[in-house]
$ cat data.pdb   # PDB, N, CA and C atoms
ATOM      1  N   MET S   1      37.274 -53.658  32.306
ATOM      2  CA  MET S   1      36.593 -52.708  33.156
ATOM      3  C   MET S   1      37.589 -52.164  34.174
ATOM      4  N   GLN S   2      37.514 -50.892  34.473
ATOM      5  CA  GLN S   2      38.446 -50.245  35.385
ATOM      6  C   GLN S   2      37.782 -50.054  36.748
ATOM      7  N   ALA S   3      38.536 -50.315  37.818
ATOM      8  CA  ALA S   3      38.022 -50.129  39.175
ATOM      9  C   ALA S   3      37.867 -48.640  39.471
ATOM     10  N   LEU S   4      36.837 -48.294  40.197
ATOM     11  CA  LEU S   4      36.664 -46.922  40.654
ATOM     12  C   LEU S   4      37.548 -46.712  41.887
ATOM     13  N   PHE S   5      37.723 -45.492  42.316
ATOM     14  CA  PHE S   5      38.664 -45.215  43.394
ATOM     15  C   PHE S   5      38.288 -45.875  44.717
ATOM     16  N   TYR S   6      37.050 -46.182  44.949
ATOM     17  CA  TYR S   6      36.625 -46.796  46.206
ATOM     18  C   TYR S   6      36.410 -48.304  46.062
ATOM     19  N   GLU S   7      36.865 -48.876  44.976
ATOM     20  CA  GLU S   7      36.732 -50.308  44.752
ATOM     21  C   GLU S   7      38.097 -50.976  44.777
ATOM     22  N   LYS S   8      38.104 -52.233  45.161
ATOM     23  CA  LYS S   8      39.318 -53.043  45.151
ATOM     24  C   LYS S   8      39.112 -54.165  44.139
ATOM     25  N   ARG S   9      39.996 -54.238  43.174
ATOM     26  CA  ARG S   9      39.870 -55.261  42.133
ATOM     27  C   ARG S   9      40.374 -56.608  42.643
ATOM     28  N   VAL S  10      39.636 -57.663  42.298
ATOM     29  CA  VAL S  10      39.992 -59.032  42.683
ATOM     30  C   VAL S  10      40.151 -59.835  41.398
ATOM     31  N   ARG S  11      41.305 -60.485  41.232
ATOM     32  CA  ARG S  11      41.603 -61.182  39.989
ATOM     33  C   ARG S  11      41.655 -62.703  40.118
ATOM     34  N   SER S  12      41.458 -63.252  41.327
ATOM     35  CA  SER S  12      41.471 -64.713  41.470
ATOM     36  C   SER S  12      40.230 -65.169  42.243
ATOM     37  N   PHE S  13      39.808 -66.369  41.945
ATOM     38  CA  PHE S  13      38.606 -66.912  42.591
ATOM     39  C   PHE S  13      38.849 -67.128  44.084
ATOM     40  N   ASN S  14      40.042 -67.592  44.456
ATOM     41  CA  ASN S  14      40.355 -67.805  45.874
ATOM     42  C   ASN S  14      40.345 -66.499  46.654
ATOM     43  N   LYS S  15      40.876 -65.437  46.064
ATOM     44  CA  LYS S  15      40.858 -64.126  46.712
ATOM     45  C   LYS S  15      39.422 -63.615  46.838
ATOM     46  N   LEU S  16      38.606 -63.881  45.830
ATOM     47  CA  LEU S  16      37.199 -63.494  45.893
ATOM     48  C   LEU S  16      36.510 -64.173  47.072
ATOM     49  N   LEU S  17      36.746 -65.462  47.239
ATOM     50  CA  LEU S  17      36.136 -66.189  48.360
ATOM     51  C   LEU S  17      36.596 -65.631  49.697
ATOM     52  N   SER S  18      37.862 -65.276  49.788
ATOM     53  CA  SER S  18      38.392 -64.671  51.013
ATOM     54  C   SER S  18      37.675 -63.353  51.311
ATOM     55  N   GLU S  19      37.492 -62.543  50.294
ATOM     56  CA  GLU S  19      36.783 -61.267  50.466
ATOM     57  C   GLU S  19      35.322 -61.492  50.860
ATOM     58  N   LEU S  20      34.682 -62.495  50.290
ATOM     59  CA  LEU S  20      33.280 -62.779  50.603
ATOM     60  C   LEU S  20      33.108 -63.237  52.048
ATOM     61  N   ARG S  21      34.066 -63.963  52.574
ATOM     62  CA  ARG S  21      34.000 -64.402  53.977
ATOM     63  C   ARG S  21      34.052 -63.214  54.937
ATOM     64  N   ARG S  22      34.762 -62.157  54.537
ATOM     65  CA  ARG S  22      34.925 -60.973  55.390
ATOM     66  C   ARG S  22      33.900 -59.883  55.104
ATOM     67  N   LEU S  23      33.017 -60.098  54.173
ATOM     68  CA  LEU S  23      32.061 -59.085  53.741
ATOM     69  C   LEU S  23      31.174 -58.646  54.902
ATOM     70  N   ASP S  24      31.029 -57.330  55.074
ATOM     71  CA  ASP S  24      30.103 -56.839  56.099
ATOM     72  C   ASP S  24      28.889 -56.197  55.425
ATOM     73  N   SER S  25      27.965 -55.719  56.227
ATOM     74  CA  SER S  25      26.699 -55.229  55.672
ATOM     75  C   SER S  25      26.828 -53.905  54.928
ATOM     76  N   ASP S  26      27.968 -53.222  55.051
ATOM     77  CA  ASP S  26      28.171 -51.958  54.342
ATOM     78  C   ASP S  26      28.939 -52.116  53.040
ATOM     79  N   SER S  27      29.270 -53.324  52.669
ATOM     80  CA  SER S  27      30.075 -53.535  51.461
ATOM     81  C   SER S  27      29.405 -54.565  50.559
ATOM     82  N   GLY S  28      29.995 -54.756  49.404
ATOM     83  CA  GLY S  28      29.467 -55.722  48.454
ATOM     84  C   GLY S  28      30.524 -56.067  47.429
ATOM     85  N   VAL S  29      30.164 -56.973  46.530
ATOM     86  CA  VAL S  29      31.071 -57.421  45.483
ATOM     87  C   VAL S  29      30.316 -57.410  44.165
ATOM     88  N   ARG S  30      31.006 -56.958  43.111
ATOM     89  CA  ARG S  30      30.449 -57.017  41.759
ATOM     90  C   ARG S  30      31.328 -57.955  40.949
ATOM     91  N   VAL S  31      30.738 -58.991  40.386
ATOM     92  CA  VAL S  31      31.459 -59.978  39.587
ATOM     93  C   VAL S  31      31.013 -59.824  38.137
ATOM     94  N   VAL S  32      31.977 -59.727  37.242
ATOM     95  CA  VAL S  32      31.683 -59.659  35.814
ATOM     96  C   VAL S  32      31.672 -61.082  35.284
ATOM     97  N   GLY S  33      30.625 -61.463  34.583
ATOM     98  CA  GLY S  33      30.552 -62.827  34.078
ATOM     99  C   GLY S  33      29.423 -63.009  33.090
ATOM    100  N   SER S  34      28.909 -64.234  33.061
ATOM    101  CA  SER S  34      27.765 -64.522  32.203
ATOM    102  C   SER S  34      26.849 -65.504  32.920
ATOM    103  N   TYR S  35      25.561 -65.357  32.664
ATOM    104  CA  TYR S  35      24.540 -66.205  33.273
ATOM    105  C   TYR S  35      23.561 -66.573  32.172
ATOM    106  N   GLN S  36      23.363 -67.862  31.974
ATOM    107  CA  GLN S  36      22.487 -68.378  30.930
ATOM    108  C   GLN S  36      22.824 -67.750  29.569
ATOM    109  N   LYS S  37      24.114 -67.741  29.261
ATOM    110  CA  LYS S  37      24.655 -67.252  27.989
ATOM    111  C   LYS S  37      24.412 -65.755  27.762
ATOM    112  N   ARG S  38      24.183 -65.006  28.828
ATOM    113  CA  ARG S  38      24.008 -63.554  28.741
ATOM    114  C   ARG S  38      25.076 -62.881  29.584
ATOM    115  N   LYS S  39      25.730 -61.880  29.038
ATOM    116  CA  LYS S  39      26.718 -61.133  29.806
ATOM    117  C   LYS S  39      26.015 -60.481  30.985
ATOM    118  N   CYS S  40      26.679 -60.519  32.151
ATOM    119  CA  CYS S  40      26.008 -60.012  33.337
ATOM    120  C   CYS S  40      26.983 -59.453  34.367
ATOM    121  N   PHE S  41      26.402 -58.771  35.340
ATOM    122  CA  PHE S  41      27.064 -58.419  36.585
ATOM    123  C   PHE S  41      26.334 -59.183  37.682
ATOM    124  N   ALA S  42      27.083 -59.827  38.567
ATOM    125  CA  ALA S  42      26.495 -60.462  39.746
ATOM    126  C   ALA S  42      26.900 -59.617  40.945
ATOM    127  N   PHE S  43      25.932 -59.077  41.653
ATOM    128  CA  PHE S  43      26.190 -58.276  42.850
ATOM    129  C   PHE S  43      25.925 -59.156  44.069
ATOM    130  N   VAL S  44      26.882 -59.172  44.985
ATOM    131  CA  VAL S  44      26.764 -60.000  46.188
ATOM    132  C   VAL S  44      26.847 -59.095  47.412
ATOM    133  N   THR S  45      25.873 -59.228  48.300
ATOM    134  CA  THR S  45      25.891 -58.529  49.582
ATOM    135  C   THR S  45      25.668 -59.556  50.685
ATOM    136  N   ARG S  46      25.897 -59.137  51.918
ATOM    137  CA  ARG S  46      25.733 -60.063  53.047
ATOM    138  C   ARG S  46      25.071 -59.318  54.193
ATOM    139  N   SER S  47      24.070 -59.936  54.770
ATOM    140  CA  SER S  47      23.372 -59.364  55.913
ATOM    141  C   SER S  47      22.896 -60.493  56.811
ATOM    142  N   GLY S  48      23.259 -60.411  58.069
ATOM    143  CA  GLY S  48      22.826 -61.435  59.025
ATOM    144  C   GLY S  48      23.319 -62.824  58.680
ATOM    145  N   GLY S  49      24.471 -62.928  58.051
ATOM    146  CA  GLY S  49      25.036 -64.228  57.707
ATOM    147  C   GLY S  49      24.483 -64.837  56.432
ATOM    148  N   VAL S  50      23.567 -64.141  55.772
ATOM    149  CA  VAL S  50      22.974 -64.634  54.520
ATOM    150  C   VAL S  50      23.471 -63.764  53.371
ATOM    151  N   TYR S  51      23.936 -64.414  52.311
ATOM    152  CA  TYR S  51      24.392 -63.710  51.115
ATOM    153  C   TYR S  51      23.223 -63.547  50.157
ATOM    154  N   THR S  52      23.131 -62.386  49.555
ATOM    155  CA  THR S  52      22.133 -62.146  48.520
ATOM    156  C   THR S  52      22.881 -61.897  47.211
ATOM    157  N   VAL S  53      22.498 -62.626  46.181
ATOM    158  CA  VAL S  53      23.097 -62.468  44.857
ATOM    159  C   VAL S  53      22.016 -61.953  43.929
ATOM    160  N   MET S  54      22.317 -60.844  43.268
ATOM    161  CA  MET S  54      21.405 -60.304  42.257
ATOM    162  C   MET S  54      22.175 -60.213  40.951
ATOM    163  N   ILE S  55      21.601 -60.769  39.909
ATOM    164  CA  ILE S  55      22.260 -60.799  38.609
ATOM    165  C   ILE S  55      21.517 -59.867  37.658
ATOM    166  N   TYR S  56      22.306 -58.958  37.068
ATOM    167  CA  TYR S  56      21.761 -57.985  36.133
ATOM    168  C   TYR S  56      22.431 -58.136  34.777
ATOM    169  N   GLU S  57      21.670 -57.920  33.751
ATOM    170  CA  GLU S  57      22.181 -57.937  32.389
ATOM    171  C   GLU S  57      23.227 -56.827  32.232
ATOM    172  N   ARG S  58      24.294 -57.121  31.502
ATOM    173  CA  ARG S  58      25.349 -56.139  31.237
ATOM    174  C   ARG S  58      25.198 -55.670  29.801
ATOM    175  N   LYS S  59      25.006 -54.369  29.635
ATOM    176  CA  LYS S  59      24.825 -53.794  28.301
ATOM    177  C   LYS S  59      26.060 -53.007  27.904
ATOM    178  N   ARG S  60      26.214 -52.812  26.627
ATOM    179  CA  ARG S  60      27.307 -52.059  26.011
ATOM    180  C   ARG S  60      28.655 -52.676  26.339
ATOM    181  N   ARG S  61      29.598 -52.356  25.506
ATOM    182  CA  ARG S  61      30.905 -52.981  25.635
ATOM    183  C   ARG S  61      31.970 -52.041  26.199
ATOM    184  N   LYS S  62      32.067 -50.846  25.646
ATOM    185  CA  LYS S  62      33.121 -49.923  26.078
ATOM    186  C   LYS S  62      32.871 -49.385  27.481
ATOM    187  N   ALA S  63      31.695 -48.921  27.759
ATOM    188  CA  ALA S  63      31.336 -48.437  29.097
ATOM    189  C   ALA S  63      30.143 -49.268  29.548
ATOM    190  N   PRO S  64      30.396 -50.420  30.168
ATOM    191  CA  PRO S  64      29.292 -51.311  30.528
ATOM    192  C   PRO S  64      28.213 -50.613  31.352
ATOM    193  N   ALA S  65      26.998 -50.908  31.021
ATOM    194  CA  ALA S  65      25.849 -50.341  31.722
ATOM    195  C   ALA S  65      24.977 -51.470  32.247
ATOM    196  N   LEU S  66      24.236 -51.157  33.272
ATOM    197  CA  LEU S  66      23.354 -52.124  33.901
ATOM    198  C   LEU S  66      22.044 -52.220  33.139
ATOM    199  N   GLY S  67      21.610 -53.444  32.903
ATOM    200  CA  GLY S  67      20.330 -53.686  32.249
ATOM    201  C   GLY S  67      19.318 -54.204  33.257
ATOM    202  N   ALA S  68      18.417 -55.019  32.799
ATOM    203  CA  ALA S  68      17.346 -55.561  33.631
ATOM    204  C   ALA S  68      17.866 -56.636  34.581
ATOM    205  N   ARG S  69      17.180 -56.779  35.705
ATOM    206  CA  ARG S  69      17.535 -57.852  36.640
ATOM    207  C   ARG S  69      17.093 -59.172  36.033
ATOM    208  N   ILE S  70      18.009 -60.139  36.044
ATOM    209  CA  ILE S  70      17.746 -61.451  35.475
ATOM    210  C   ILE S  70      17.336 -62.441  36.562
ATOM    211  N   PHE S  71      17.967 -62.329  37.735
ATOM    212  CA  PHE S  71      17.814 -63.371  38.742
ATOM    213  C   PHE S  71      18.247 -62.836  40.104
ATOM    214  N   SER S  72      17.651 -63.323  41.175
ATOM    215  CA  SER S  72      18.135 -63.029  42.525
ATOM    216  C   SER S  72      17.939 -64.263  43.394
ATOM    217  N   LYS S  73      18.829 -64.393  44.367
ATOM    218  CA  LYS S  73      18.807 -65.591  45.200
ATOM    219  C   LYS S  73      19.482 -65.306  46.533
ATOM    220  N   GLU S  74      18.979 -65.899  47.607
ATOM    221  CA  GLU S  74      19.636 -65.845  48.904
ATOM    222  C   GLU S  74      20.383 -67.151  49.115
ATOM    223  N   ILE S  75      21.616 -67.029  49.601
ATOM    224  CA  ILE S  75      22.477 -68.193  49.790
ATOM    225  C   ILE S  75      23.025 -68.146  51.210
ATOM    226  N   LYS S  76      22.955 -69.269  51.929
ATOM    227  CA  LYS S  76      23.278 -69.271  53.346
ATOM    228  C   LYS S  76      24.715 -69.626  53.698
ATOM    229  N   SER S  77      25.491 -70.163  52.766
ATOM    230  CA  SER S  77      26.873 -70.541  53.113
ATOM    231  C   SER S  77      27.845 -70.130  52.011
ATOM    232  N   VAL S  78      29.096 -69.951  52.412
ATOM    233  CA  VAL S  78      30.138 -69.604  51.446
ATOM    234  C   VAL S  78      30.346 -70.740  50.450
ATOM    235  N   ASP S  79      30.219 -71.986  50.906
ATOM    236  CA  ASP S  79      30.387 -73.132  50.004
ATOM    237  C   ASP S  79      29.337 -73.130  48.895
ATOM    238  N   ASP S  80      28.080 -72.865  49.253
ATOM    239  CA  ASP S  80      27.019 -72.791  48.239
ATOM    240  C   ASP S  80      27.230 -71.592  47.322
ATOM    241  N   LEU S  81      27.692 -70.487  47.899
ATOM    242  CA  LEU S  81      27.974 -69.295  47.106
ATOM    243  C   LEU S  81      29.119 -69.564  46.131
ATOM    244  N   ARG S  82      30.141 -70.267  46.582
ATOM    245  CA  ARG S  82      31.274 -70.626  45.715
ATOM    246  C   ARG S  82      30.797 -71.420  44.512
ATOM    247  N   GLU S  83      29.955 -72.414  44.744
ATOM    248  CA  GLU S  83      29.427 -73.236  43.643
ATOM    249  C   GLU S  83      28.618 -72.389  42.659
ATOM    250  N   PHE S  84      27.805 -71.490  43.187
ATOM    251  CA  PHE S  84      26.979 -70.658  42.322
ATOM    252  C   PHE S  84      27.835 -69.694  41.502
ATOM    253  N   LEU S  85      28.782 -69.016  42.139
ATOM    254  CA  LEU S  85      29.617 -68.043  41.436
ATOM    255  C   LEU S  85      30.575 -68.701  40.443
ATOM    256  N   ALA S  86      30.937 -69.950  40.678
ATOM    257  CA  ALA S  86      31.808 -70.660  39.738
ATOM    258  C   ALA S  86      31.125 -70.812  38.382
ATOM    259  N   GLN S  87      29.804 -70.846  38.371
ATOM    260  CA  GLN S  87      29.052 -70.956  37.129
ATOM    261  C   GLN S  87      28.961 -69.617  36.397
ATOM    262  N   ILE S  88      29.130 -68.524  37.125
ATOM    263  CA  ILE S  88      28.967 -67.188  36.558
ATOM    264  C   ILE S  88      30.286 -66.591  36.113
ATOM    265  N   GLY S  89      31.320 -66.775  36.928
ATOM    266  CA  GLY S  89      32.615 -66.168  36.655
ATOM    267  C   GLY S  89      33.203 -66.617  35.335
ATOM    268  N   GLN S  90      34.018 -65.755  34.760
ATOM    269  CA  GLN S  90      34.669 -66.070  33.503
ATOM    270  C   GLN S  90      35.993 -66.772  33.765
ATOM    271  N   LYS S  91      36.648 -67.181  32.703
ATOM    272  CA  LYS S  91      37.929 -67.865  32.826
ATOM    273  C   LYS S  91      38.912 -67.065  33.670
ATOM    274  N   GLU S  92      39.008 -65.780  33.389
ATOM    275  CA  GLU S  92      39.822 -64.872  34.191
ATOM    276  C   GLU S  92      38.889 -64.094  35.104
ATOM    277  N   MET S  93      39.057 -64.239  36.415
ATOM    278  CA  MET S  93      38.185 -63.591  37.374
ATOM    279  C   MET S  93      38.301 -62.079  37.257
ATOM    280  N   ASP S  94      37.161 -61.411  37.224
ATOM    281  CA  ASP S  94      37.106 -59.956  37.196
ATOM    282  C   ASP S  94      36.017 -59.540  38.172
ATOM    283  N   ALA S  95      36.426 -59.169  39.386
ATOM    284  CA  ALA S  95      35.473 -58.800  40.420
ATOM    285  C   ALA S  95      35.981 -57.571  41.168
ATOM    286  N   TYR S  96      35.059 -56.876  41.815
ATOM    287  CA  TYR S  96      35.388 -55.639  42.519
ATOM    288  C   TYR S  96      34.660 -55.623  43.855
ATOM    289  N   VAL S  97      35.412 -55.363  44.921
ATOM    290  CA  VAL S  97      34.840 -55.225  46.258
ATOM    291  C   VAL S  97      34.605 -53.739  46.493
ATOM    292  N   TYR S  98      33.418 -53.391  46.933
ATOM    293  CA  TYR S  98      33.108 -51.976  47.193
ATOM    294  C   TYR S  98      32.544 -51.796  48.582
TER     295      TYR S  98
END
$ encode --input "data.pdb" --output "structure tokens"
Amino acid sequence: MQALFYEKRVRSFNKLLSELRRLDSDSGVRVVGSYQKRKCFAFVTRSGGVYTVMIYERKRRKAPALGARIFSKEIKSVDDLREFLAQIGQKEMDAYVY
């Protein structure tokens, strides 16, 4: 997947965590991965110190498209978010900060 001009690509899990700690209410992160054996995008936003993760099905291969929402969850700490995202992320991290 190619980053858009207003996105910053993140290729390591440690860098992703660093970006998540600095996340403000006007930005977010999209993580490419899989959830319950389904290809997905995990979108992470932060508001008032609480992270919201929404997982959507990823359709098509060449130009990935968003499918139905699979799951959403509020997470209160970076440590809990790290544990959750470790289950979703792929072997090679592919995430984008927007």
$ atom_distance --input "data.pdb" --atom1 "CA of Arg60 (chain S)" --atom2 "CA of Val29 (chain S)"
20.5 Å
$ select_by_dssp --input "data.pdb" --residues "region 22-91 of chain S" --states "helix (DSSP H, G or I)" --output "number ranges by chain"
S: 78-88
$ residues_around --input "data.pdb" --residues "region 43-52 of chain S" --least-positions-apart "3" --cutoff "10 Å" --atoms "only C-alpha atoms" --output "PyMOL selection string"
chain S and resi 20-32+40+55-56+72-78+80-81+85+95-97
$ residues_around --input "data.pdb" --residues "Asp94 (chain S)" --least-positions-apart "6" --cutoff "8 Å" --atoms "all atoms listed in the file" --output "number ranges by chain"
S: 1, 9-13, 30-33
$ resolve_selection --input "data.pdb" --expression "the PyMOL selection byres (((chain S and resi 57 and name CA) around 10) and name CA)" --output "PyMOL selection string"
chain S and resi 33-35+38-42+55-56+58-59+64-71
$ atom_distance --input "data.pdb" --atom1 "atom C of Tyr98 (chain S)" --atom2 "CA of Met54 (chain S)"
15.4 Å
$ atom_distance --input "data.pdb" --atom1 "atom N of Arg82 (chain S)" --atom2 "atom C of Leu16 (chain S)"
8.8 Å
$ axis_aligned_box --input "data.pdb" --around "region 47-65 of chain S" --padding-each-side "4 Å" --output "AutoDock Vina command-line options"
--center_x 27.3 --center_y -56.6 --center_z 42.3 --size_x 19.7 --size_y 24.4 --size_z 41.5
$ closest_residue --input "data.pdb" --among "S:Gln87, S:Asp79, S:Lys37, S:Met93" --to "Lys15 (chain S)" --atoms "only C-alpha atoms"
S:Met93
$ select_by_dssp --input "data.pdb" --residues "chain S" --states "strand (DSSP E)" --output "ChimeraX atom specification"
/S:8-10,29-35,38-47,50-59,65-75,95-97
